[in-house]
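Asks: upload.csv is reproduced in full below (CSV, C-alpha atoms).
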chain,number,residue,atom,x,y,z
A,1,MET,CA,164.2,115.2,101.9
A,2,ASN,CA,166.5,114.1,99.0
A,3,LYS,CA,165.7,110.7,97.5
A,4,THR,CA,168.7,108.4,98.3
A,5,HIS,CA,167.4,105.1,96.8
A,6,LEU,CA,165.2,104.1,93.9
A,7,GLY,CA,163.2,101.4,95.8
A,8,TYR,CA,161.8,101.3,99.3
A,9,GLN,CA,160.7,97.8,100.4
A,10,LYS,CA,158.8,96.8,103.5
A,11,THR,CA,158.5,93.2,104.6
A,12,ILE,CA,155.7,92.7,107.1
A,13,ASP,CA,155.0,89.4,108.9
A,14,PHE,CA,151.6,88.9,110.5
A,15,TYR,CA,151.4,86.3,113.3
A,16,GLY,CA,148.4,84.6,115.0
A,17,CYS,CA,146.0,85.3,112.1
A,18,ASP,CA,142.6,83.8,111.7
A,19,PRO,CA,143.3,80.7,109.5
A,20,GLU,CA,139.8,80.7,107.9
A,21,LYS,CA,140.1,84.3,106.8
A,22,ILE,CA,143.6,84.0,105.4
A,23,ASN,CA,142.6,81.0,103.4
A,24,SER,CA,139.8,82.8,101.5
A,25,LYS,CA,140.8,84.1,98.1
A,26,ASP,CA,138.0,86.6,98.0
A,27,PHE,CA,138.8,87.9,101.5
A,28,ILE,CA,142.5,88.3,100.7
A,29,GLU,CA,141.8,90.1,97.5
A,30,GLN,CA,139.3,92.5,99.1
A,31,ALA,CA,141.5,93.1,102.1
A,32,LEU,CA,144.5,94.0,99.9
A,33,LEU,CA,142.5,96.3,97.7
A,34,LYS,CA,141.1,98.1,100.8
A,35,ALA,CA,144.6,98.3,102.4
A,36,ALA,CA,146.1,99.8,99.1
A,37,SER,CA,143.3,102.4,99.1
A,38,ILE,CA,144.0,103.3,102.8
A,39,MET,CA,147.7,103.6,102.0
A,40,ASN,CA,146.9,105.9,99.0
A,41,LEU,CA,148.5,103.4,96.6
A,42,THR,CA,147.1,103.2,93.0
A,43,VAL,CA,146.2,99.6,91.9
A,44,ILE,CA,147.0,98.7,88.3
A,45,ASN,CA,146.4,95.0,88.3
A,46,THR,CA,145.6,92.2,90.8
A,47,THR,CA,146.4,88.5,90.6
A,48,ILE,CA,145.2,86.2,93.5
A,49,HIS,CA,145.9,82.5,93.4
A,50,GLU,CA,144.5,79.8,95.6
A,51,PHE,CA,146.7,76.9,96.4
A,52,SER,CA,145.6,73.3,96.9
A,53,PRO,CA,145.0,72.2,99.6
A,54,ILE,CA,145.6,75.5,101.5
A,55,GLY,CA,147.1,78.9,101.2
A,56,ILE,CA,146.8,82.1,99.0
A,57,SER,CA,149.3,84.0,97.0
A,58,GLY,CA,148.6,87.4,95.6
A,59,VAL,CA,150.5,90.1,93.7
A,60,ILE,CA,149.3,93.6,92.9
A,61,VAL,CA,151.0,95.9,90.5
A,62,ILE,CA,150.6,99.4,91.8
A,63,GLN,CA,151.6,102.7,90.2
A,64,GLU,CA,154.3,102.9,92.9
A,65,SER,CA,155.6,99.4,92.3
A,66,HIS,CA,154.1,96.2,93.9
A,67,ILE,CA,152.4,94.5,96.8
A,68,ALA,CA,152.8,90.7,97.3
A,69,ILE,CA,151.2,88.4,99.9
A,70,HIS,CA,151.5,84.8,100.8
A,71,THR,CA,149.4,83.1,103.5
A,72,TRP,CA,150.0,80.0,105.5
A,73,PRO,CA,146.7,79.3,107.2
A,74,GLU,CA,148.1,76.2,108.8
A,75,HIS,CA,150.6,78.4,110.7
A,76,SER,CA,148.2,81.4,111.1
A,77,TYR,CA,151.0,83.4,109.3
A,78,VAL,CA,151.0,86.0,106.5
A,79,ALA,CA,154.0,87.4,104.7
A,80,LEU,CA,153.4,90.8,103.0
A,81,ASP,CA,155.7,92.9,100.9
A,82,VAL,CA,155.2,96.5,99.9
A,83,PHE,CA,157.7,97.8,97.3
A,84,THR,CA,157.4,101.4,96.4
A,85,CYS,CA,159.4,104.0,94.5
A,86,ASN,CA,158.9,106.6,97.3
A,87,GLN,CA,158.1,106.7,100.9
A,88,SER,CA,155.2,109.1,100.8
A,89,TYR,CA,152.4,106.7,101.5
A,90,SER,CA,150.5,105.7,104.7
A,91,LEU,CA,152.0,102.3,105.5
A,92,GLU,CA,151.1,102.2,109.1
A,93,SER,CA,147.4,102.9,108.7
A,94,GLY,CA,147.2,100.1,106.0
A,95,MET,CA,149.1,97.6,108.2
A,96,GLU,CA,146.8,98.4,111.3
A,97,TRP,CA,143.8,97.9,109.1
A,98,LEU,CA,145.2,94.5,107.8
A,99,LYS,CA,146.1,93.4,111.3
A,100,ASN,CA,142.5,93.8,112.4
A,101,ALA,CA,141.2,92.2,109.2
A,102,PHE,CA,143.4,89.2,109.6
A,103,LYS,CA,142.7,89.1,113.4
A,104,ALA,CA,146.5,89.0,113.8
A,105,THR,CA,147.9,89.2,117.3
A,106,HIS,CA,150.8,91.4,116.0
A,107,TYR,CA,153.0,92.2,113.1
A,108,ILE,CA,156.6,92.9,112.6
A,109,GLU,CA,158.0,95.2,109.8
A,110,GLU,CA,161.5,95.4,108.4
A,111,ASP,CA,162.9,98.0,106.0
A,112,ILE,CA,165.0,97.3,102.9
A,113,LYS,CA,166.3,100.0,100.6
A,114,ARG,CA,167.1,99.1,97.0
A,115,GLY,CA,169.2,100.8,94.4
A,116,ALA,CA,171.3,103.3,96.3
A,117,LEU,CA,171.7,106.3,94.0
A,118,GLU,CA,175.2,107.0,95.2
A,119,ARG,CA,176.3,103.5,94.2
A,120,ILE,CA,174.4,103.6,90.9
A,121,ASN,CA,175.9,107.0,89.9
A,122,ALA,CA,179.4,105.8,90.8
A,123,LEU,CA,179.1,102.6,88.8
A,124,ASN,CA,177.6,104.3,85.8
A,125,ALA,CA,180.5,106.8,85.8
A,126,ILE,CA,183.0,104.0,85.8
A,127,LYS,CA,181.1,102.2,83.0
A,128,ASN,CA,181.0,105.3,80.9
A,129,GLU,CA,184.8,105.9,81.3
A,130,ASN,CA,185.5,102.4,79.8
B,1,MET,CA,167.9,69.6,106.0
B,2,ASN,CA,165.1,70.7,108.2
B,3,LYS,CA,163.0,73.6,107.0
B,4,THR,CA,163.4,76.4,109.5
B,5,HIS,CA,161.4,79.1,107.7
B,6,LEU,CA,158.2,79.3,105.6
B,7,GLY,CA,159.6,81.8,103.1
B,8,TYR,CA,162.9,82.3,101.4
B,9,GLN,CA,163.4,85.7,99.7
B,10,LYS,CA,166.2,86.8,97.5
B,11,THR,CA,166.6,90.4,96.5
B,12,ILE,CA,168.9,90.8,93.5
B,13,ASP,CA,170.1,94.2,92.2
B,14,PHE,CA,171.4,94.4,88.6
B,15,TYR,CA,173.7,97.3,87.8
B,16,GLY,CA,175.0,98.7,84.5
B,17,CYS,CA,172.2,97.2,82.5
B,18,ASP,CA,171.4,98.1,78.8
B,19,PRO,CA,168.7,100.8,79.1
B,20,GLU,CA,167.0,99.9,75.9
B,21,LYS,CA,166.6,96.3,76.8
B,22,ILE,CA,165.3,96.9,80.3
B,23,ASN,CA,162.7,99.4,78.9
B,24,SER,CA,161.1,96.8,76.7
B,25,LYS,CA,158.0,95.2,78.1
B,26,ASP,CA,158.2,92.2,75.7
B,27,PHE,CA,161.9,91.7,76.5
B,28,ILE,CA,161.3,91.8,80.2
B,29,GLU,CA,158.4,89.4,80.0
B,30,GLN,CA,160.3,86.9,77.9
B,31,ALA,CA,163.5,87.2,80.0
B,32,LEU,CA,161.6,86.5,83.2
B,33,LEU,CA,159.7,83.5,81.8
B,34,LYS,CA,163.0,82.1,80.5
B,35,ALA,CA,164.8,82.7,83.9
B,36,ALA,CA,161.9,81.0,85.7
B,37,SER,CA,162.2,78.0,83.5
B,38,ILE,CA,166.0,77.9,84.0
B,39,MET,CA,165.5,78.0,87.8
B,40,ASN,CA,162.9,75.2,87.6
B,41,LEU,CA,160.1,77.5,88.9
B,42,THR,CA,156.5,76.9,87.7
B,43,VAL,CA,154.8,80.0,86.3
B,44,ILE,CA,151.1,80.4,87.1
B,45,ASN,CA,150.4,84.0,86.0
B,46,THR,CA,152.4,86.9,84.6
B,47,THR,CA,151.6,90.6,84.7
B,48,ILE,CA,153.9,93.1,83.1
B,49,HIS,CA,153.2,96.9,83.2
B,50,GLU,CA,154.9,99.6,81.1
B,51,PHE,CA,155.3,102.9,82.8
B,52,SER,CA,155.1,106.3,81.1
B,53,PRO,CA,157.6,107.7,80.1
B,54,ILE,CA,160.0,104.9,81.1
B,55,GLY,CA,160.3,101.8,83.2
B,56,ILE,CA,158.8,98.3,83.5
B,57,SER,CA,157.2,96.5,86.5
B,58,GLY,CA,156.4,92.9,86.4
B,59,VAL,CA,155.1,90.3,88.9
B,60,ILE,CA,154.8,86.6,88.3
B,61,VAL,CA,152.9,84.3,90.6
B,62,ILE,CA,154.8,81.0,90.6
B,63,GLN,CA,153.8,77.7,92.2
B,64,GLU,CA,156.6,78.3,94.7
B,65,SER,CA,155.5,82.0,95.5
B,66,HIS,CA,156.4,85.0,93.4
B,67,ILE,CA,159.0,86.9,91.3
B,68,ALA,CA,158.8,90.7,91.0
B,69,ILE,CA,160.8,93.0,88.8
B,70,HIS,CA,161.2,96.8,88.5
B,71,THR,CA,163.4,98.5,86.0
B,72,TRP,CA,164.9,102.0,86.0
B,73,PRO,CA,166.3,102.3,82.4
B,74,GLU,CA,167.4,105.9,83.2
B,75,HIS,CA,169.7,104.5,85.9
B,76,SER,CA,170.6,101.2,84.1
B,77,TYR,CA,169.3,99.5,87.2
B,78,VAL,CA,166.9,96.5,87.8
B,79,ALA,CA,165.5,95.3,91.2
B,80,LEU,CA,164.4,91.7,91.2
B,81,ASP,CA,162.8,89.7,94.0
B,82,VAL,CA,162.4,85.9,94.1
B,83,PHE,CA,160.2,84.7,96.9
B,84,THR,CA,159.9,80.9,97.3
B,85,CYS,CA,158.6,78.5,99.9
B,86,ASN,CA,161.7,76.3,99.7
B,87,GLN,CA,165.3,76.7,98.6
B,88,SER,CA,165.4,73.8,96.1
B,89,TYR,CA,165.7,75.8,92.9
B,90,SER,CA,168.6,76.9,90.7
B,91,LEU,CA,168.8,80.6,91.6
B,92,GLU,CA,172.4,81.2,90.4
B,93,SER,CA,171.9,79.8,86.9
B,94,GLY,CA,168.8,82.0,86.5
B,95,MET,CA,170.6,85.1,87.7
B,96,GLU,CA,173.6,84.5,85.5
B,97,TRP,CA,171.3,84.1,82.5
B,98,LEU,CA,169.5,87.4,83.4
B,99,LYS,CA,172.8,89.2,83.9
B,100,ASN,CA,173.8,88.4,80.4
B,101,ALA,CA,170.3,89.1,79.0
B,102,PHE,CA,170.3,92.6,80.7
B,103,LYS,CA,173.9,93.1,79.7
B,104,ALA,CA,174.5,94.0,83.4
B,105,THR,CA,178.0,94.7,84.6
B,106,HIS,CA,177.2,92.8,87.9
B,107,TYR,CA,174.5,91.9,90.4
B,108,ILE,CA,174.3,91.7,94.1
B,109,GLU,CA,172.0,89.3,96.0
B,110,GLU,CA,170.8,89.5,99.6
B,111,ASP,CA,168.9,86.8,101.5
B,112,ILE,CA,165.9,87.3,103.7
B,113,LYS,CA,164.2,84.6,105.6
B,114,ARG,CA,160.5,85.0,106.4
B,115,GLY,CA,158.3,83.3,109.0
B,116,ALA,CA,160.7,81.5,111.4
B,117,LEU,CA,158.9,78.3,112.4
B,118,GLU,CA,160.3,78.4,115.9
B,119,ARG,CA,158.8,81.8,116.5
B,120,ILE,CA,155.5,80.9,114.8
B,121,ASN,CA,155.1,77.7,116.9
B,122,ALA,CA,155.9,79.6,120.1
B,123,LEU,CA,153.4,82.4,119.4
B,124,ASN,CA,150.7,79.9,118.4
B,125,ALA,CA,151.3,78.0,121.6
B,126,ILE,CA,150.8,81.2,123.7
B,127,LYS,CA,147.7,82.1,121.7
B,128,ASN,CA,146.2,78.7,122.3
B,129,GLU,CA,146.8,78.9,126.0
B,130,ASN,CA,144.8,82.1,126.3
If you convert what's in this file into structure tokens, what do you get?

Replies:
Amino acid sequence: MNKTHLGYQKTIDFYGCDPEKINSKDFIEQALLKAASIMNLTVINTTIHEFSPIGISGVIVIQESHIAIHTWPEHSYVALDVFTCNQSYSLESGMEWLKNAFKATHYIEEDIKRGALERINALNAIKNEN
Amino acid sequence: MNKTHLGYQKTIDFYGCDPEKINSKDFIEQALLKAASIMNLTVINTTIHEFSPIGISGVIVIQESHIAIHTWPEHSYVALDVFTCNQSYSLESGMEWLKNAFKATHYIEEDIKRGALERINALNAIKNEN
């Protein structure tokens, strides 16, 4: 399959999560590293930040781009983003694993494609003409 | 204005950028920190990674959530994400500054709202009934 875009972004919203689990910095860090491994994504660097009084933010630079997470324990809600430069990774198995880890009732994914190559090539052609 | 969502995400695509600038790790780091400051966002932690042979990835944890960047110098293209927990920041002034810094011909923003409070409250009510 020809690559049509430079970036493939998934937004995943987890609902009904266990508030205690998603308020633990260690738990979130370990869960993300495990999910990245299940999805066959290569972790370069991890930053997890604990907010006062509640909530965790985490960003992971991966060889394929990044993973970001924000948790709202008071709403049993987690927002996850997975941004990659190709689609050849096992998203579903990672998300199923995280759903169980967070004890979420369900999750909803959306797709965003970034940097359409057709548009980029057309714009660069115009720029080079000028 | 009442808060309707937990997360407000902007995706911004910069086209026609200067390839040399957007392939410099130091330049990208300084540009992001400056843009965060212009937007009145509070930086907690910065990670910038240089890919071989080309391209930069960066993620910044901010008090308000995160900023992520990926550059494709070979396509003069930059994908930026700004994820915040409220909308009270100066996005446009930051993006205008970055457009000039990257020497981009233009940029396109899209809005994504995450974690609709109406949905979250309804789901949590169902969960608590069971």

Asks: May I have the residues of chain A within 8 Å of chain B, counting only C-alpha atoms, written as a PyMOL selection string?

Replies: chain A and resi 7+13+15-16+45+47+49+57-61+65-66+68+70+75-77+79+114-115+120-121+123-124+127

Asks: I'm after chain A in the frame of chain B: fit it by least squares over all Cα atoms matched in order, and give me the output as a PDB file with C-alpha atoms, keeping the file's coordinate frame.

Replies:
ATOM      1  CA  MET A   1     167.960  69.646 105.940  1.00  0.00           C
ATOM      2  CA  ASN A   2     165.001  70.637 108.214  1.00  0.00           C
ATOM      3  CA  LYS A   3     162.907  73.554 106.965  1.00  0.00           C
ATOM      4  CA  THR A   4     163.408  76.439 109.486  1.00  0.00           C
ATOM      5  CA  HIS A   5     161.313  79.172 107.762  1.00  0.00           C
ATOM      6  CA  LEU A   6     158.204  79.286 105.624  1.00  0.00           C
ATOM      7  CA  GLY A   7     159.533  81.872 103.086  1.00  0.00           C
ATOM      8  CA  TYR A   8     162.909  82.301 101.461  1.00  0.00           C
ATOM      9  CA  GLN A   9     163.346  85.689  99.729  1.00  0.00           C
ATOM     10  CA  LYS A  10     166.153  86.839  97.490  1.00  0.00           C
ATOM     11  CA  THR A  11     166.602  90.464  96.529  1.00  0.00           C
ATOM     12  CA  ILE A  12     168.873  90.874  93.526  1.00  0.00           C
ATOM     13  CA  ASP A  13     170.048  94.252  92.175  1.00  0.00           C
ATOM     14  CA  PHE A  14     171.410  94.410  88.641  1.00  0.00           C
ATOM     15  CA  TYR A  15     173.709  97.360  87.832  1.00  0.00           C
ATOM     16  CA  GLY A  16     174.977  98.769  84.487  1.00  0.00           C
ATOM     17  CA  CYS A  17     172.155  97.197  82.432  1.00  0.00           C
ATOM     18  CA  ASP A  18     171.376  97.998  78.865  1.00  0.00           C
ATOM     19  CA  PRO A  19     168.700 100.769  79.189  1.00  0.00           C
ATOM     20  CA  GLU A  20     166.996  99.899  75.850  1.00  0.00           C
ATOM     21  CA  LYS A  21     166.547  96.275  76.810  1.00  0.00           C
ATOM     22  CA  ILE A  22     165.247  96.944  80.298  1.00  0.00           C
ATOM     23  CA  ASN A  23     162.723  99.355  78.952  1.00  0.00           C
ATOM     24  CA  SER A  24     161.060  96.810  76.618  1.00  0.00           C
ATOM     25  CA  LYS A  25     157.975  95.163  78.040  1.00  0.00           C
ATOM     26  CA  ASP A  26     158.206  92.233  75.703  1.00  0.00           C
ATOM     27  CA  PHE A  27     161.905  91.684  76.473  1.00  0.00           C
ATOM     28  CA  ILE A  28     161.324  91.806  80.233  1.00  0.00           C
ATOM     29  CA  GLU A  29     158.459  89.412  80.052  1.00  0.00           C
ATOM     30  CA  GLN A  30     160.357  86.910  77.881  1.00  0.00           C
ATOM     31  CA  ALA A  31     163.495  87.201  79.947  1.00  0.00           C
ATOM     32  CA  LEU A  32     161.596  86.487  83.193  1.00  0.00           C
ATOM     33  CA  LEU A  33     159.754  83.545  81.749  1.00  0.00           C
ATOM     34  CA  LYS A  34     163.065  82.063  80.463  1.00  0.00           C
ATOM     35  CA  ALA A  35     164.804  82.739  83.835  1.00  0.00           C
ATOM     36  CA  ALA A  36     161.871  81.001  85.776  1.00  0.00           C
ATOM     37  CA  SER A  37     162.217  77.990  83.448  1.00  0.00           C
ATOM     38  CA  ILE A  38     166.040  77.845  84.041  1.00  0.00           C
ATOM     39  CA  MET A  39     165.442  78.064  87.785  1.00  0.00           C
ATOM     40  CA  ASN A  40     162.857  75.200  87.574  1.00  0.00           C
ATOM     41  CA  LEU A  41     160.122  77.511  88.895  1.00  0.00           C
ATOM     42  CA  THR A  42     156.492  76.872  87.722  1.00  0.00           C
ATOM     43  CA  VAL A  43     154.754  80.031  86.316  1.00  0.00           C
ATOM     44  CA  ILE A  44     151.084  80.453  87.193  1.00  0.00           C
ATOM     45  CA  ASN A  45     150.422  83.942  85.993  1.00  0.00           C
ATOM     46  CA  THR A  46     152.369  86.932  84.580  1.00  0.00           C
ATOM     47  CA  THR A  47     151.562  90.631  84.771  1.00  0.00           C
ATOM     48  CA  ILE A  48     153.974  93.132  83.020  1.00  0.00           C
ATOM     49  CA  HIS A  49     153.262  96.830  83.106  1.00  0.00           C
ATOM     50  CA  GLU A  50     154.908  99.570  81.138  1.00  0.00           C
ATOM     51  CA  PHE A  51     155.276 102.899  82.773  1.00  0.00           C
ATOM     52  CA  SER A  52     155.105 106.286  81.065  1.00  0.00           C
ATOM     53  CA  PRO A  53     157.550 107.694  80.115  1.00  0.00           C
ATOM     54  CA  ILE A  54     160.013 104.905  81.124  1.00  0.00           C
ATOM     55  CA  GLY A  55     160.361 101.814  83.179  1.00  0.00           C
ATOM     56  CA  ILE A  56     158.738  98.294  83.556  1.00  0.00           C
ATOM     57  CA  SER A  57     157.190  96.554  86.462  1.00  0.00           C
ATOM     58  CA  GLY A  58     156.375  92.902  86.425  1.00  0.00           C
ATOM     59  CA  VAL A  59     155.042  90.298  88.865  1.00  0.00           C
ATOM     60  CA  ILE A  60     154.815  86.559  88.313  1.00  0.00           C
ATOM     61  CA  VAL A  61     152.914  84.227  90.523  1.00  0.00           C
ATOM     62  CA  ILE A  62     154.784  80.972  90.620  1.00  0.00           C
ATOM     63  CA  GLN A  63     153.816  77.679  92.253  1.00  0.00           C
ATOM     64  CA  GLU A  64     156.609  78.396  94.765  1.00  0.00           C
ATOM     65  CA  SER A  65     155.461  81.922  95.508  1.00  0.00           C
ATOM     66  CA  HIS A  66     156.427  85.031  93.399  1.00  0.00           C
ATOM     67  CA  ILE A  67     158.924  86.863  91.255  1.00  0.00           C
ATOM     68  CA  ALA A  68     158.774  90.705  90.990  1.00  0.00           C
ATOM     69  CA  ILE A  69     160.876  93.087  88.865  1.00  0.00           C
ATOM     70  CA  HIS A  70     161.150  96.783  88.508  1.00  0.00           C
ATOM     71  CA  THR A  71     163.436  98.512  85.983  1.00  0.00           C
ATOM     72  CA  TRP A  72     164.891 101.955  85.931  1.00  0.00           C
ATOM     73  CA  PRO A  73     166.321 102.341  82.456  1.00  0.00           C
ATOM     74  CA  GLU A  74     167.411 105.857  83.218  1.00  0.00           C
ATOM     75  CA  HIS A  75     169.754 104.466  85.915  1.00  0.00           C
ATOM     76  CA  SER A  76     170.578 101.202  84.021  1.00  0.00           C
ATOM     77  CA  TYR A  77     169.256  99.450  87.224  1.00  0.00           C
ATOM     78  CA  VAL A  78     166.950  96.466  87.837  1.00  0.00           C
ATOM     79  CA  ALA A  79     165.531  95.332  91.139  1.00  0.00           C
ATOM     80  CA  LEU A  80     164.424  91.647  91.220  1.00  0.00           C
ATOM     81  CA  ASP A  81     162.805  89.662  93.968  1.00  0.00           C
ATOM     82  CA  VAL A  82     162.425  85.915  94.135  1.00  0.00           C
ATOM     83  CA  PHE A  83     160.183  84.660  96.981  1.00  0.00           C
ATOM     84  CA  THR A  84     159.909  80.965  97.338  1.00  0.00           C
ATOM     85  CA  CYS A  85     158.563  78.475  99.860  1.00  0.00           C
ATOM     86  CA  ASN A  86     161.749  76.323  99.611  1.00  0.00           C
ATOM     87  CA  GLN A  87     165.280  76.678  98.603  1.00  0.00           C
ATOM     88  CA  SER A  88     165.489  73.828  96.151  1.00  0.00           C
ATOM     89  CA  TYR A  89     165.660  75.787  92.954  1.00  0.00           C
ATOM     90  CA  SER A  90     168.566  76.954  90.708  1.00  0.00           C
ATOM     91  CA  LEU A  91     168.821  80.647  91.572  1.00  0.00           C
ATOM     92  CA  GLU A  92     172.314  81.178  90.432  1.00  0.00           C
ATOM     93  CA  SER A  93     171.904  79.791  86.932  1.00  0.00           C
ATOM     94  CA  GLY A  94     168.755  82.032  86.452  1.00  0.00           C
ATOM     95  CA  MET A  95     170.558  85.151  87.765  1.00  0.00           C
ATOM     96  CA  GLU A  96     173.662  84.483  85.429  1.00  0.00           C
ATOM     97  CA  TRP A  97     171.300  84.088  82.540  1.00  0.00           C
ATOM     98  CA  LEU A  98     169.484  87.419  83.443  1.00  0.00           C
ATOM     99  CA  LYS A  99     172.772  89.217  83.917  1.00  0.00           C
ATOM    100  CA  ASN A 100     173.790  88.385  80.367  1.00  0.00           C
ATOM    101  CA  ALA A 101     170.316  89.188  79.035  1.00  0.00           C
ATOM    102  CA  PHE A 102     170.272  92.549  80.680  1.00  0.00           C
ATOM    103  CA  LYS A 103     173.969  93.148  79.724  1.00  0.00           C
ATOM    104  CA  ALA A 104     174.487  93.970  83.421  1.00  0.00           C
ATOM    105  CA  THR A 105     178.018  94.593  84.601  1.00  0.00           C
ATOM    106  CA  HIS A 106     177.226  92.746  87.903  1.00  0.00           C
ATOM    107  CA  TYR A 107     174.592  91.875  90.391  1.00  0.00           C
ATOM    108  CA  ILE A 108     174.354  91.738  94.082  1.00  0.00           C
ATOM    109  CA  GLU A 109     172.048  89.288  96.023  1.00  0.00           C
ATOM    110  CA  GLU A 110     170.834  89.471  99.593  1.00  0.00           C
ATOM    111  CA  ASP A 111     168.973  86.796 101.558  1.00  0.00           C
ATOM    112  CA  ILE A 112     165.879  87.331 103.714  1.00  0.00           C
ATOM    113  CA  LYS A 113     164.130  84.557 105.589  1.00  0.00           C
ATOM    114  CA  ARG A 114     160.461  84.979 106.466  1.00  0.00           C
ATOM    115  CA  GLY A 115     158.274  83.266 108.984  1.00  0.00           C
ATOM    116  CA  ALA A 116     160.654  81.515 111.337  1.00  0.00           C
ATOM    117  CA  LEU A 117     158.924  78.294 112.377  1.00  0.00           C
ATOM    118  CA  GLU A 118     160.356  78.418 115.857  1.00  0.00           C
ATOM    119  CA  ARG A 119     158.807  81.843 116.429  1.00  0.00           C
ATOM    120  CA  ILE A 120     155.506  80.875 114.794  1.00  0.00           C
ATOM    121  CA  ASN A 121     155.165  77.670 116.896  1.00  0.00           C
ATOM    122  CA  ALA A 122     155.973  79.590 120.083  1.00  0.00           C
ATOM    123  CA  LEU A 123     153.440  82.317 119.393  1.00  0.00           C
ATOM    124  CA  ASN A 124     150.726  79.914 118.395  1.00  0.00           C
ATOM    125  CA  ALA A 125     151.266  77.989 121.660  1.00  0.00           C
ATOM    126  CA  ILE A 126     150.874  81.142 123.660  1.00  0.00           C
ATOM    127  CA  LYS A 127     147.737  82.101 121.678  1.00  0.00           C
ATOM    128  CA  ASN A 128     146.202  78.729 122.229  1.00  0.00           C
ATOM    129  CA  GLU A 129     146.840  78.871 126.041  1.00  0.00           C
ATOM    130  CA  ASN A 130     144.785  82.145 126.252  1.00  0.00           C
TER     131      ASN A 130
END

Asks: So the first atom is CA of Ala116 in chain A and the second is CA of Glu129 in chain A; what is the distance between them in Å, to one decimal place?

Replies: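 Straight-line distance from CA of Ala116 in chain A to CA of Glu129 in chain A works out to 20.3 Å.
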
Asks: What is the CA of Ile54 in chain B-CA of Gln9 in chain A distance in Å, reported with one decimal?

Replies: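 A separation of 20.6 Å between them.
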
Asks: For CA of Trp97 in chain B and CA of Ile38 in chain B, determine how far apart the two atoms are, in Å to one decimal place.

Replies: 8.3 Å

Asks: Which is closest to Glu96 in chain B among B:Glu50, B:Ala35, B:Asn2, B:Lys113, if we use only C-alpha atoms?

Replies: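 Smallest separation from Glu96 in chain B among the options: B:Ala35.
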
Asks: Could you pull out every residue with an atom within 12 Å of (171.2, 78.5, 87.0), file coordinates, counting all atoms listed in the file, and send them as a ChimeraX atom specification?

Replies: /B:34-41,88-99

Asks: With all atoms of range 68-76 of chain B from the file as input, state the centre and edge lengths in Å to one decimal of the axis-aligned box that has 4 Å extra on each side, as AutoDock Vina command-line options.

Replies:
--center_x 164.7 --center_y 98.3 --center_z 86.7 --size_x 19.8 --size_y 23.2 --size_z 16.6
